[in-house]
$ cat final_16.tsv   # TSV, C-alpha atoms
chain	number	residue	atom	x	y	z
A	8	MET	CA	11.96	138.90	-75.91
A	9	ARG	CA	8.35	137.71	-75.54
A	10	PHE	CA	6.32	138.73	-72.49
A	11	ALA	CA	3.35	136.88	-71.01
A	12	SER	CA	0.49	138.65	-69.25
A	13	ARG	CA	1.55	140.88	-66.38
A	14	THR	CA	0.23	140.85	-62.82
A	15	SER	CA	0.61	143.36	-59.99
A	16	LEU	CA	0.71	142.90	-56.22
A	17	ASN	CA	1.45	145.45	-53.50
A	18	GLY	CA	2.84	147.97	-55.95
A	19	VAL	CA	5.06	145.48	-57.82
A	20	THR	CA	4.42	144.38	-61.40
A	21	GLU	CA	5.56	140.91	-62.44
A	22	GLN	CA	6.11	140.04	-66.11
A	23	PRO	CA	7.17	136.51	-67.14
A	24	PHE	CA	9.13	136.37	-70.39
A	25	THR	CA	11.17	134.17	-72.66
A	26	LEU	CA	14.31	135.19	-74.53
A	27	GLY	CA	14.95	132.44	-77.03
A	28	GLU	CA	14.91	129.32	-74.86
A	29	ILE	CA	15.54	131.23	-71.62
A	30	PRO	CA	12.52	131.67	-69.30
A	31	GLY	CA	12.65	134.60	-66.90
A	32	VAL	CA	10.70	137.11	-64.83
A	33	LEU	CA	10.96	140.90	-64.66
A	34	TRP	CA	9.69	142.83	-61.63
A	35	THR	CA	9.22	146.62	-61.77
A	36	PRO	CA	7.33	149.22	-59.73
A	37	GLU	CA	3.67	149.32	-60.70
A	38	ASP	CA	2.97	152.11	-63.22
A	39	ALA	CA	6.71	152.85	-63.39
A	40	VAL	CA	7.79	155.42	-65.95
A	41	GLY	CA	11.38	156.05	-67.05
A	42	ALA	CA	14.66	154.25	-66.56
A	43	ARG	CA	15.96	152.79	-63.29
A	44	PRO	CA	18.86	150.64	-62.06
A	45	LEU	CA	18.59	146.90	-62.67
A	46	ILE	CA	19.42	144.04	-60.31
A	47	LEU	CA	19.95	140.53	-61.69
A	48	MET	CA	19.26	137.78	-59.15
A	49	GLY	CA	20.75	134.28	-59.39
A	50	HIS	CA	18.87	131.43	-57.68
A	51	GLY	CA	20.36	128.54	-55.70
A	52	GLY	CA	20.99	124.98	-56.84
A	53	GLY	CA	17.84	122.96	-57.50
A	54	GLN	CA	15.76	126.15	-57.39
A	55	HIS	CA	14.32	128.38	-60.10
A	56	LYS	CA	13.52	131.97	-61.06
A	57	LYS	CA	10.47	132.15	-58.76
A	58	ALA	CA	11.85	130.40	-55.69
A	59	PRO	CA	10.26	131.98	-52.59
A	60	GLY	CA	13.48	133.68	-51.48
A	61	ILE	CA	14.03	135.19	-54.93
A	62	VAL	CA	10.47	136.52	-55.17
A	63	ALA	CA	10.51	137.97	-51.64
A	64	ARG	CA	13.79	139.82	-52.15
A	65	ALA	CA	12.77	140.98	-55.62
A	66	HIS	CA	9.58	142.52	-54.22
A	67	HIS	CA	11.58	144.20	-51.45
A	68	PHE	CA	14.13	145.68	-53.86
A	69	VAL	CA	11.37	146.93	-56.17
A	70	ALA	CA	8.86	148.22	-53.61
A	71	GLU	CA	11.37	149.78	-51.22
A	72	GLY	CA	14.15	150.79	-53.60
A	73	GLY	CA	12.42	151.43	-56.92
A	74	PHE	CA	14.75	149.04	-58.75
A	75	ALA	CA	13.93	146.74	-61.65
A	76	VAL	CA	14.77	143.11	-60.86
A	77	VAL	CA	15.19	140.20	-63.26
A	78	ALA	CA	15.69	136.48	-62.62
A	79	VAL	CA	15.95	133.58	-65.05
A	80	ASP	CA	16.08	129.82	-64.79
A	81	ALA	CA	19.70	128.70	-64.87
A	82	PRO	CA	20.52	125.99	-67.43
A	83	ASN	CA	19.02	122.61	-66.43
A	84	HIS	CA	16.83	124.26	-63.77
A	85	GLY	CA	13.21	125.31	-63.43
A	86	ASP	CA	11.29	125.15	-66.70
A	87	ARG	CA	14.36	124.26	-68.74
A	88	PRO	CA	15.14	120.75	-70.04
A	89	LYS	CA	17.74	118.65	-68.24
A	90	SER	CA	20.64	117.40	-70.37
A	91	GLU	CA	22.28	113.99	-70.03
A	92	GLU	CA	25.61	115.66	-69.23
A	93	PHE	CA	24.01	117.64	-66.42
A	94	ALA	CA	22.41	114.46	-65.06
A	95	ARG	CA	25.84	112.80	-64.97
A	96	VAL	CA	27.50	115.73	-63.17
A	97	LEU	CA	24.57	115.95	-60.73
A	98	ALA	CA	24.78	112.21	-59.99
A	99	GLU	CA	28.47	112.58	-59.13
A	100	LEU	CA	27.69	115.48	-56.80
A	101	ARG	CA	24.93	113.53	-55.03
A	102	ALA	CA	27.19	110.50	-54.67
A	103	GLY	CA	29.80	112.71	-53.01
A	104	ILE	CA	27.20	114.12	-50.62
A	105	LEU	CA	25.99	110.64	-49.66
A	106	ALA	CA	29.57	109.53	-49.08
A	107	GLY	CA	30.03	112.35	-46.59
A	108	GLY	CA	33.04	114.60	-46.18
A	109	ASP	CA	34.01	117.57	-48.33
A	110	ASN	CA	32.18	117.71	-51.69
A	111	SER	CA	33.79	120.99	-52.82
A	112	THR	CA	35.40	119.39	-55.88
A	113	GLN	CA	32.12	117.97	-57.19
A	114	LEU	CA	30.33	121.26	-56.50
A	115	ALA	CA	33.01	123.23	-58.35
A	116	THR	CA	32.70	120.84	-61.32
A	117	MET	CA	28.94	121.39	-61.39
A	118	HIS	CA	29.19	125.17	-61.30
A	119	THR	CA	31.98	125.30	-63.88
A	120	PHE	CA	29.83	123.16	-66.17
A	121	LEU	CA	26.86	125.54	-65.77
A	122	ALA	CA	28.81	128.82	-65.87
A	123	GLY	CA	30.01	128.31	-69.44
A	124	GLN	CA	26.41	128.58	-70.65
A	125	THR	CA	25.05	130.83	-67.92
A	126	VAL	CA	27.35	133.85	-68.30
A	127	PRO	CA	26.57	134.60	-71.98
A	128	GLU	CA	22.88	133.91	-71.39
A	129	TRP	CA	22.71	136.38	-68.51
A	130	GLN	CA	24.56	138.98	-70.57
A	131	ALA	CA	22.00	138.55	-73.37
A	132	VAL	CA	19.09	138.85	-70.91
A	133	VAL	CA	20.52	142.02	-69.38
A	134	SER	CA	20.99	143.58	-72.83
A	135	ALA	CA	17.40	142.75	-73.81
A	136	VAL	CA	15.90	144.03	-70.56
A	137	GLN	CA	17.88	147.26	-70.76
A	138	GLU	CA	16.22	148.02	-74.09
A	139	LEU	CA	12.91	148.46	-72.24
A	140	ASP	CA	11.90	152.04	-71.46
A	141	VAL	CA	11.07	151.12	-67.87
A	142	VAL	CA	14.65	149.87	-67.29
A	143	GLY	CA	17.01	151.58	-69.72
A	144	VAL	CA	20.79	151.41	-69.95
A	145	GLY	CA	21.96	152.34	-66.48
A	146	PRO	CA	23.83	150.95	-63.49
A	147	MET	CA	23.35	147.28	-62.71
A	148	GLY	CA	23.80	145.12	-59.62
A	149	TYR	CA	23.94	141.38	-59.01
A	150	TRP	CA	22.62	139.30	-56.07
A	151	GLY	CA	23.31	135.57	-55.71
A	152	MET	CA	23.79	133.07	-52.88
A	153	SER	CA	25.08	129.48	-52.98
A	154	MET	CA	24.89	128.38	-56.64
A	155	GLY	CA	23.85	131.96	-57.40
A	156	CYS	CA	27.28	132.94	-56.08
A	157	GLY	CA	29.09	130.09	-57.85
A	158	LEU	CA	27.67	131.30	-61.17
A	159	GLY	CA	27.63	134.95	-60.14
A	160	VAL	CA	31.38	135.28	-59.56
A	161	PRO	CA	32.19	134.38	-63.21
A	162	PHE	CA	29.38	136.67	-64.39
A	163	VAL	CA	30.49	139.67	-62.32
A	164	ALA	CA	34.11	139.07	-63.38
A	165	ALA	CA	33.11	139.07	-67.05
A	166	GLU	CA	30.47	141.82	-67.02
A	167	PRO	CA	31.66	145.45	-66.71
A	168	ARG	CA	28.07	146.68	-66.41
A	169	VAL	CA	27.87	145.28	-62.86
A	170	ARG	CA	28.54	148.15	-60.45
A	171	ALA	CA	27.92	146.24	-57.19
A	172	ALA	CA	27.30	142.64	-56.12
A	173	VAL	CA	25.95	140.79	-53.09
A	174	LEU	CA	27.46	137.30	-53.00
A	175	GLY	CA	27.85	134.52	-50.45
A	176	LEU	CA	27.20	131.01	-49.13
A	177	HIS	CA	29.92	129.58	-51.36
A	178	GLY	CA	33.52	128.46	-51.08
A	179	VAL	CA	36.66	129.28	-53.02
A	180	HIS	CA	37.05	125.89	-54.72
A	181	GLY	CA	37.28	126.45	-58.49
A	182	LEU	CA	36.73	130.22	-58.19
A	183	ALA	CA	40.02	131.66	-56.92
A	184	GLU	CA	41.34	132.83	-60.29
A	185	THR	CA	37.95	134.16	-61.38
A	186	ALA	CA	37.39	135.97	-58.07
A	187	ALA	CA	40.70	137.75	-58.60
A	188	ARG	CA	39.08	139.48	-61.60
A	189	VAL	CA	36.12	140.81	-59.60
A	190	THR	CA	36.72	144.50	-58.89
A	191	ALA	CA	33.16	145.82	-58.34
A	192	PRO	CA	32.12	146.57	-54.73
A	193	VAL	CA	30.98	143.38	-52.99
A	194	ARG	CA	28.97	142.56	-49.90
A	195	PHE	CA	29.70	138.94	-48.96
A	196	LEU	CA	27.33	136.95	-46.72
A	197	LEU	CA	28.65	134.01	-44.73
A	198	GLN	CA	26.79	131.71	-42.34
A	199	TRP	CA	29.14	130.92	-39.47
A	200	ASP	CA	27.65	127.46	-38.87
A	201	ASP	CA	27.16	126.60	-42.56
A	202	ASP	CA	26.55	122.85	-42.88
A	203	LYS	CA	27.29	122.79	-46.63
A	204	VAL	CA	30.18	125.21	-47.14
A	205	PRO	CA	33.16	124.95	-44.74
A	206	ARG	CA	33.72	128.29	-43.03
A	207	ALA	CA	37.35	128.45	-44.11
A	208	HIS	CA	36.33	127.99	-47.76
A	209	GLY	CA	33.87	130.88	-47.59
A	210	LEU	CA	36.43	133.13	-45.94
A	211	ALA	CA	38.97	132.16	-48.61
A	212	LEU	CA	36.55	133.17	-51.38
A	213	PHE	CA	35.99	136.55	-49.73
A	214	ASP	CA	39.76	136.99	-49.48
A	215	ALA	CA	40.22	136.07	-53.17
A	216	LEU	CA	37.88	138.80	-54.42
A	217	ALA	CA	39.97	141.65	-55.82
A	218	SER	CA	37.43	144.35	-54.92
A	219	ALA	CA	38.94	147.27	-53.03
A	220	ASP	CA	35.48	147.89	-51.56
A	221	LYS	CA	34.29	144.62	-50.02
A	222	THR	CA	32.58	143.84	-46.74
A	223	LEU	CA	32.08	140.50	-44.98
A	224	HIS	CA	28.78	139.93	-43.16
A	225	ALA	CA	28.98	136.81	-40.99
A	226	ASN	CA	25.92	135.60	-39.10
A	227	PRO	CA	25.25	132.55	-36.92
A	228	GLY	CA	23.19	129.79	-38.50
A	229	GLU	CA	23.35	127.06	-41.10
A	230	HIS	CA	23.36	127.29	-44.89
A	231	GLY	CA	20.39	129.31	-46.10
A	232	GLU	CA	19.49	130.73	-42.67
A	233	ILE	CA	20.36	134.28	-43.68
A	234	PRO	CA	18.78	136.74	-41.25
A	235	GLU	CA	15.93	138.80	-42.67
A	236	PHE	CA	17.70	142.06	-41.86
A	237	GLU	CA	20.35	141.25	-44.49
A	238	THR	CA	17.74	141.93	-47.19
A	239	GLY	CA	17.37	145.51	-46.00
A	240	SER	CA	21.13	145.80	-45.66
A	241	SER	CA	21.58	144.58	-49.24
A	242	LEU	CA	19.02	147.13	-50.43
A	243	ARG	CA	20.95	149.95	-48.76
A	244	PHE	CA	24.16	148.63	-50.33
A	245	PHE	CA	22.63	148.65	-53.81
A	246	THR	CA	21.09	152.07	-53.28
A	247	ARG	CA	24.46	153.49	-52.29
A	248	HIS	CA	26.26	152.08	-55.34
A	249	LEU	CA	23.53	152.16	-57.99
A	250	GLY	CA	21.57	155.24	-56.98

$ encode --input "final_16.tsv" --output "structure tokens"
Amino acid sequence: MRFASRTSLNGVTEQPFTLGEIPGVLWTPEDAVGARPLILMGHGGGQHKKAPGIVARAHHFVAEGGFAVVAVDAPNHGDRPKSEEFARVLAELRAGILAGGDNSTQLATMHTFLAGQTVPEWQAVVSAVQELDVVGVGPMGYWGMSMGCGLGVPFVAAEPRVRAAVLGLHGVHGLAETAARVTAPVRFLLQWDDDKVPRAHGLALFDALASADKTLHANPGEHGEIPEFETGSSLRFFTRHLG
């Protein structure tokens, strides 16, 4: 793991890094000493590790909760090269969107394609970050909306270190069997007027999660219009489960 120069703002230290070919960012409390719980954040489709929503929530979780937060560019996103296979899958998804109607099948194909590479990469990043004195091997959480949920469900299902997850803005298509292996506590966010994910599909994904401790938070608004208060609610959720 190679770190670039660090910067600090409002009590939060930001450290860009690379792990092999994976570019990422680690946020920790400024002048932090000792171990703390870690939260991995997954960005949305077409976004990257420093998308405004990721950075804002990372700063909130660090400054208000004392957590360490890490985000990386998903394969074929951000600073990473785009493969020909990804371009083909993306073209099929865009064609489905332009044609109108339900594009759940194309979206599931895209996320399945990415998840095969993403899950082991995220596991490697978590292992490397937890070797740092300022993080340590302790409880871990996951936060991811939209594509961050589509890739997050397979990650949470495969990763026993995840003690709690905030997921949402995604449907059940292609994830039902995987969701049935998710047993960590989950807070699921759903936008009631989502213009990209049919409401019934989001509700079906929540129902498919095997977690005994799961809560559905439904708010009015379209895809991505998550109310600001849900950030504070997510922080309280992580604090309760991660300490």

$ closest_residue --input "final_16.tsv" --among "A:Val204, A:Leu196, A:Leu26, A:Met152" --to "Ser111 of chain A" --atoms "only C-alpha atoms"
A:Val204

$ axis_aligned_box --input "final_16.tsv" --around "segment 37-49 of chain A" --padding-each-side "5 Å" --output "JSON"
{"center_x": 11.9, "center_y": 145.2, "center_z": -63.1, "size_x": 27.8, "size_y": 31.8, "size_z": 17.9}

$ atom_distance --input "final_16.tsv" --atom1 "atom CA of Phe93 of chain A" --atom2 "atom CA of Arg168 of chain A"
29.3 Å

$ closest_atom_pairs --input "final_16.tsv" --of "segment 70-91 of chain A" --to "segment 141-151 of chain A" --cutoff "10 Å" --atoms "all atoms listed in the file" --output "CSV"
residue,atom,partner,partner_atom,distance
A:Phe74,CA,A:Val142,CA,8.6
A:Ala75,CA,A:Val142,CA,6.5
A:Val76,CA,A:Val142,CA,9.3
A:Val77,CA,A:Tyr149,CA,9.8
A:Ala78,CA,A:Trp150,CA,9.9

$ atom_distance --input "final_16.tsv" --atom1 "atom CA of Ser12 of chain A" --atom2 "atom CA of Val69 of chain A"
18.9 Å

$ atom_distance --input "final_16.tsv" --atom1 "atom CA of Gly52 of chain A" --atom2 "atom CA of Met117 of chain A"
9.8 Å

$ residues_near_point --input "final_16.tsv" --point "(17.0, 135.4, -64.2)" --cutoff "10 Å" --atoms "all atoms listed in the file" --output "CSV table (one decimal) with C-alpha atoms, in the coordinates of the input"
chain,number,residue,atom,x,y,z
A,29,ILE,CA,15.5,131.2,-71.6
A,30,PRO,CA,12.5,131.7,-69.3
A,31,GLY,CA,12.6,134.6,-66.9
A,32,VAL,CA,10.7,137.1,-64.8
A,33,LEU,CA,11.0,140.9,-64.7
A,46,ILE,CA,19.4,144.0,-60.3
A,47,LEU,CA,20.0,140.5,-61.7
A,48,MET,CA,19.3,137.8,-59.2
A,49,GLY,CA,20.8,134.3,-59.4
A,50,HIS,CA,18.9,131.4,-57.7
A,55,HIS,CA,14.3,128.4,-60.1
A,56,LYS,CA,13.5,132.0,-61.1
A,57,LYS,CA,10.5,132.2,-58.8
A,61,ILE,CA,14.0,135.2,-54.9
A,76,VAL,CA,14.8,143.1,-60.9
A,77,VAL,CA,15.2,140.2,-63.3
A,78,ALA,CA,15.7,136.5,-62.6
A,79,VAL,CA,16.0,133.6,-65.0
A,80,ASP,CA,16.1,129.8,-64.8
A,81,ALA,CA,19.7,128.7,-64.9
A,125,THR,CA,25.0,130.8,-67.9
A,128,GLU,CA,22.9,133.9,-71.4
A,129,TRP,CA,22.7,136.4,-68.5
A,132,VAL,CA,19.1,138.8,-70.9
A,133,VAL,CA,20.5,142.0,-69.4

$ closest_residue --input "final_16.tsv" --among "A:Ser90, A:Gly73, A:Arg64, A:Gln130" --to "Gly18 of chain A" --atoms "all atoms listed in the file"
A:Gly73

$ closest_residue --input "final_16.tsv" --among "A:Thr190, A:Ser240, A:Ser15, A:Thr112" --to "His208 of chain A" --atoms "only C-alpha atoms"
A:Thr112

$ closest_residue --input "final_16.tsv" --among "A:Thr35, A:Glu71, A:Ala135, A:Thr185" --to "Arg9 of chain A" --atoms "only C-alpha atoms"
A:Ala135

$ residues_near_point --input "final_16.tsv" --point "(28.0, 129.8, -38.4)" --cutoff "10 Å" --atoms "all atoms listed in the file" --output "CSV table (one decimal) with C-alpha atoms, in the coordinates of the input"
chain,number,residue,atom,x,y,z
A,197,LEU,CA,28.6,134.0,-44.7
A,198,GLN,CA,26.8,131.7,-42.3
A,199,TRP,CA,29.1,130.9,-39.5
A,200,ASP,CA,27.6,127.5,-38.9
A,201,ASP,CA,27.2,126.6,-42.6
A,202,ASP,CA,26.6,122.8,-42.9
A,205,PRO,CA,33.2,125.0,-44.7
A,206,ARG,CA,33.7,128.3,-43.0
A,225,ALA,CA,29.0,136.8,-41.0
A,226,ASN,CA,25.9,135.6,-39.1
A,227,PRO,CA,25.2,132.6,-36.9
A,228,GLY,CA,23.2,129.8,-38.5
A,229,GLU,CA,23.4,127.1,-41.1
A,230,HIS,CA,23.4,127.3,-44.9
A,232,GLU,CA,19.5,130.7,-42.7

$ closest_residue --input "final_16.tsv" --among "A:Glu92, A:Glu138, A:Asp220, A:Glu37" --to "Ala172 of chain A" --atoms "only C-alpha atoms"
A:Asp220

$ closest_residue --input "final_16.tsv" --among "A:Leu139, A:Ala115, A:Ala11, A:Ala63" --to "Gly239 of chain A" --atoms "all atoms listed in the file"
A:Ala63

$ residues_around --input "final_16.tsv" --residues "Ala219 of chain A" --least-positions-apart "6" --cutoff "10 Å" --atoms "all atoms listed in the file" --output "list in words"
Val189, Thr190, Ala191, Pro192 and Val193 of chain A

$ residues_around --input "final_16.tsv" --residues "His248 of chain A" --least-positions-apart "4" --cutoff "8 Å" --atoms "all atoms listed in the file" --output "PyMOL selection string"
chain A and resi 170-171+244

$ build_atoms --input "final_16.tsv" --residues "segment 169-192 of chain A" --atoms "N, CA, C and O atoms" --output "PDB file, in the coordinates of the input"
ATOM      1  N   VAL A 169      28.191 145.497 -64.265  1.00  0.00           N
ATOM      2  CA  VAL A 169      27.870 145.280 -62.860  1.00  0.00           C
ATOM      3  C   VAL A 169      28.641 146.276 -62.000  1.00  0.00           C
ATOM      4  O   VAL A 169      29.870 146.250 -61.966  1.00  0.00           O
ATOM      5  N   ARG A 170      27.923 147.125 -61.289  1.00  0.00           N
ATOM      6  CA  ARG A 170      28.540 148.150 -60.450  1.00  0.00           C
ATOM      7  C   ARG A 170      28.655 147.714 -58.985  1.00  0.00           C
ATOM      8  O   ARG A 170      29.416 148.320 -58.223  1.00  0.00           O
ATOM      9  N   ALA A 171      27.889 146.702 -58.581  1.00  0.00           N
ATOM     10  CA  ALA A 171      27.920 146.240 -57.190  1.00  0.00           C
ATOM     11  C   ALA A 171      27.300 144.848 -57.133  1.00  0.00           C
ATOM     12  O   ALA A 171      26.391 144.532 -57.915  1.00  0.00           O
ATOM     13  N   ALA A 172      27.801 144.009 -56.215  1.00  0.00           N
ATOM     14  CA  ALA A 172      27.300 142.640 -56.120  1.00  0.00           C
ATOM     15  C   ALA A 172      27.187 142.197 -54.667  1.00  0.00           C
ATOM     16  O   ALA A 172      28.044 142.515 -53.846  1.00  0.00           O
ATOM     17  N   VAL A 173      26.118 141.455 -54.387  1.00  0.00           N
ATOM     18  CA  VAL A 173      25.950 140.790 -53.090  1.00  0.00           C
ATOM     19  C   VAL A 173      26.094 139.302 -53.360  1.00  0.00           C
ATOM     20  O   VAL A 173      25.307 138.709 -54.115  1.00  0.00           O
ATOM     21  N   LEU A 174      27.120 138.696 -52.771  1.00  0.00           N
ATOM     22  CA  LEU A 174      27.460 137.300 -53.000  1.00  0.00           C
ATOM     23  C   LEU A 174      27.577 136.580 -51.672  1.00  0.00           C
ATOM     24  O   LEU A 174      27.655 137.209 -50.617  1.00  0.00           O
ATOM     25  N   GLY A 175      27.632 135.234 -51.705  1.00  0.00           N
ATOM     26  CA  GLY A 175      27.850 134.520 -50.450  1.00  0.00           C
ATOM     27  C   GLY A 175      27.392 133.078 -50.479  1.00  0.00           C
ATOM     28  O   GLY A 175      26.924 132.560 -51.500  1.00  0.00           O
ATOM     29  N   LEU A 176      27.568 132.413 -49.338  1.00  0.00           N
ATOM     30  CA  LEU A 176      27.200 131.010 -49.130  1.00  0.00           C
ATOM     31  C   LEU A 176      27.890 130.091 -50.133  1.00  0.00           C
ATOM     32  O   LEU A 176      27.304 129.144 -50.651  1.00  0.00           O
ATOM     33  N   HIS A 177      29.160 130.392 -50.402  1.00  0.00           N
ATOM     34  CA  HIS A 177      29.920 129.580 -51.360  1.00  0.00           C
ATOM     35  C   HIS A 177      31.384 129.608 -50.988  1.00  0.00           C
ATOM     36  O   HIS A 177      31.865 130.567 -50.388  1.00  0.00           O
ATOM     37  N   GLY A 178      32.100 128.546 -51.383  1.00  0.00           N
ATOM     38  CA  GLY A 178      33.520 128.460 -51.080  1.00  0.00           C
ATOM     39  C   GLY A 178      34.396 128.803 -52.265  1.00  0.00           C
ATOM     40  O   GLY A 178      33.923 129.032 -53.377  1.00  0.00           O
ATOM     41  N   VAL A 179      35.698 128.807 -52.026  1.00  0.00           N
ATOM     42  CA  VAL A 179      36.660 129.280 -53.020  1.00  0.00           C
ATOM     43  C   VAL A 179      36.979 128.240 -54.081  1.00  0.00           C
ATOM     44  O   VAL A 179      37.509 128.579 -55.134  1.00  0.00           O
ATOM     45  N   HIS A 180      36.640 126.980 -53.835  1.00  0.00           N
ATOM     46  CA  HIS A 180      37.050 125.890 -54.720  1.00  0.00           C
ATOM     47  C   HIS A 180      36.616 126.172 -56.161  1.00  0.00           C
ATOM     48  O   HIS A 180      35.435 126.352 -56.443  1.00  0.00           O
ATOM     49  N   GLY A 181      37.564 126.223 -57.082  1.00  0.00           N
ATOM     50  CA  GLY A 181      37.280 126.450 -58.490  1.00  0.00           C
ATOM     51  C   GLY A 181      37.026 127.888 -58.879  1.00  0.00           C
ATOM     52  O   GLY A 181      36.789 128.174 -60.053  1.00  0.00           O
ATOM     53  N   LEU A 182      37.074 128.819 -57.913  1.00  0.00           N
ATOM     54  CA  LEU A 182      36.730 130.220 -58.190  1.00  0.00           C
ATOM     55  C   LEU A 182      37.853 131.203 -57.881  1.00  0.00           C
ATOM     56  O   LEU A 182      37.679 132.402 -58.104  1.00  0.00           O
ATOM     57  N   ALA A 183      38.980 130.745 -57.377  1.00  0.00           N
ATOM     58  CA  ALA A 183      40.020 131.660 -56.920  1.00  0.00           C
ATOM     59  C   ALA A 183      40.504 132.586 -58.041  1.00  0.00           C
ATOM     60  O   ALA A 183      40.585 133.810 -57.861  1.00  0.00           O
ATOM     61  N   GLU A 184      40.827 132.014 -59.194  1.00  0.00           N
ATOM     62  CA  GLU A 184      41.340 132.830 -60.290  1.00  0.00           C
ATOM     63  C   GLU A 184      40.272 133.787 -60.822  1.00  0.00           C
ATOM     64  O   GLU A 184      40.563 134.947 -61.151  1.00  0.00           O
ATOM     65  N   THR A 185      39.037 133.312 -60.903  1.00  0.00           N
ATOM     66  CA  THR A 185      37.950 134.160 -61.380  1.00  0.00           C
ATOM     67  C   THR A 185      37.657 135.286 -60.399  1.00  0.00           C
ATOM     68  O   THR A 185      37.433 136.439 -60.788  1.00  0.00           O
ATOM     69  N   ALA A 186      37.643 134.958 -59.098  1.00  0.00           N
ATOM     70  CA  ALA A 186      37.390 135.970 -58.070  1.00  0.00           C
ATOM     71  C   ALA A 186      38.421 137.086 -58.116  1.00  0.00           C
ATOM     72  O   ALA A 186      38.118 138.242 -57.794  1.00  0.00           O
ATOM     73  N   ALA A 187      39.633 136.753 -58.521  1.00  0.00           N
ATOM     74  CA  ALA A 187      40.700 137.750 -58.600  1.00  0.00           C
ATOM     75  C   ALA A 187      40.445 138.775 -59.706  1.00  0.00           C
ATOM     76  O   ALA A 187      41.142 139.788 -59.775  1.00  0.00           O
ATOM     77  N   ARG A 188      39.435 138.527 -60.551  1.00  0.00           N
ATOM     78  CA  ARG A 188      39.080 139.480 -61.600  1.00  0.00           C
ATOM     79  C   ARG A 188      37.839 140.298 -61.230  1.00  0.00           C
ATOM     80  O   ARG A 188      37.391 141.129 -62.023  1.00  0.00           O
ATOM     81  N   VAL A 189      37.285 140.054 -60.059  1.00  0.00           N
ATOM     82  CA  VAL A 189      36.120 140.810 -59.600  1.00  0.00           C
ATOM     83  C   VAL A 189      36.595 142.080 -58.900  1.00  0.00           C
ATOM     84  O   VAL A 189      37.272 142.014 -57.878  1.00  0.00           O
ATOM     85  N   THR A 190      36.262 143.223 -59.463  1.00  0.00           N
ATOM     86  CA  THR A 190      36.720 144.500 -58.890  1.00  0.00           C
ATOM     87  C   THR A 190      35.558 145.394 -58.442  1.00  0.00           C
ATOM     88  O   THR A 190      35.789 146.424 -57.831  1.00  0.00           O
ATOM     89  N   ALA A 191      34.314 145.027 -58.770  1.00  0.00           N
ATOM     90  CA  ALA A 191      33.160 145.820 -58.340  1.00  0.00           C
ATOM     91  C   ALA A 191      33.008 145.707 -56.822  1.00  0.00           C
ATOM     92  O   ALA A 191      33.440 144.716 -56.214  1.00  0.00           O
ATOM     93  N   PRO A 192      32.400 146.685 -56.169  1.00  0.00           N
ATOM     94  CA  PRO A 192      32.120 146.570 -54.730  1.00  0.00           C
ATOM     95  C   PRO A 192      31.296 145.324 -54.429  1.00  0.00           C
ATOM     96  O   PRO A 192      30.360 144.998 -55.177  1.00  0.00           O
TER      97      PRO A 192
END
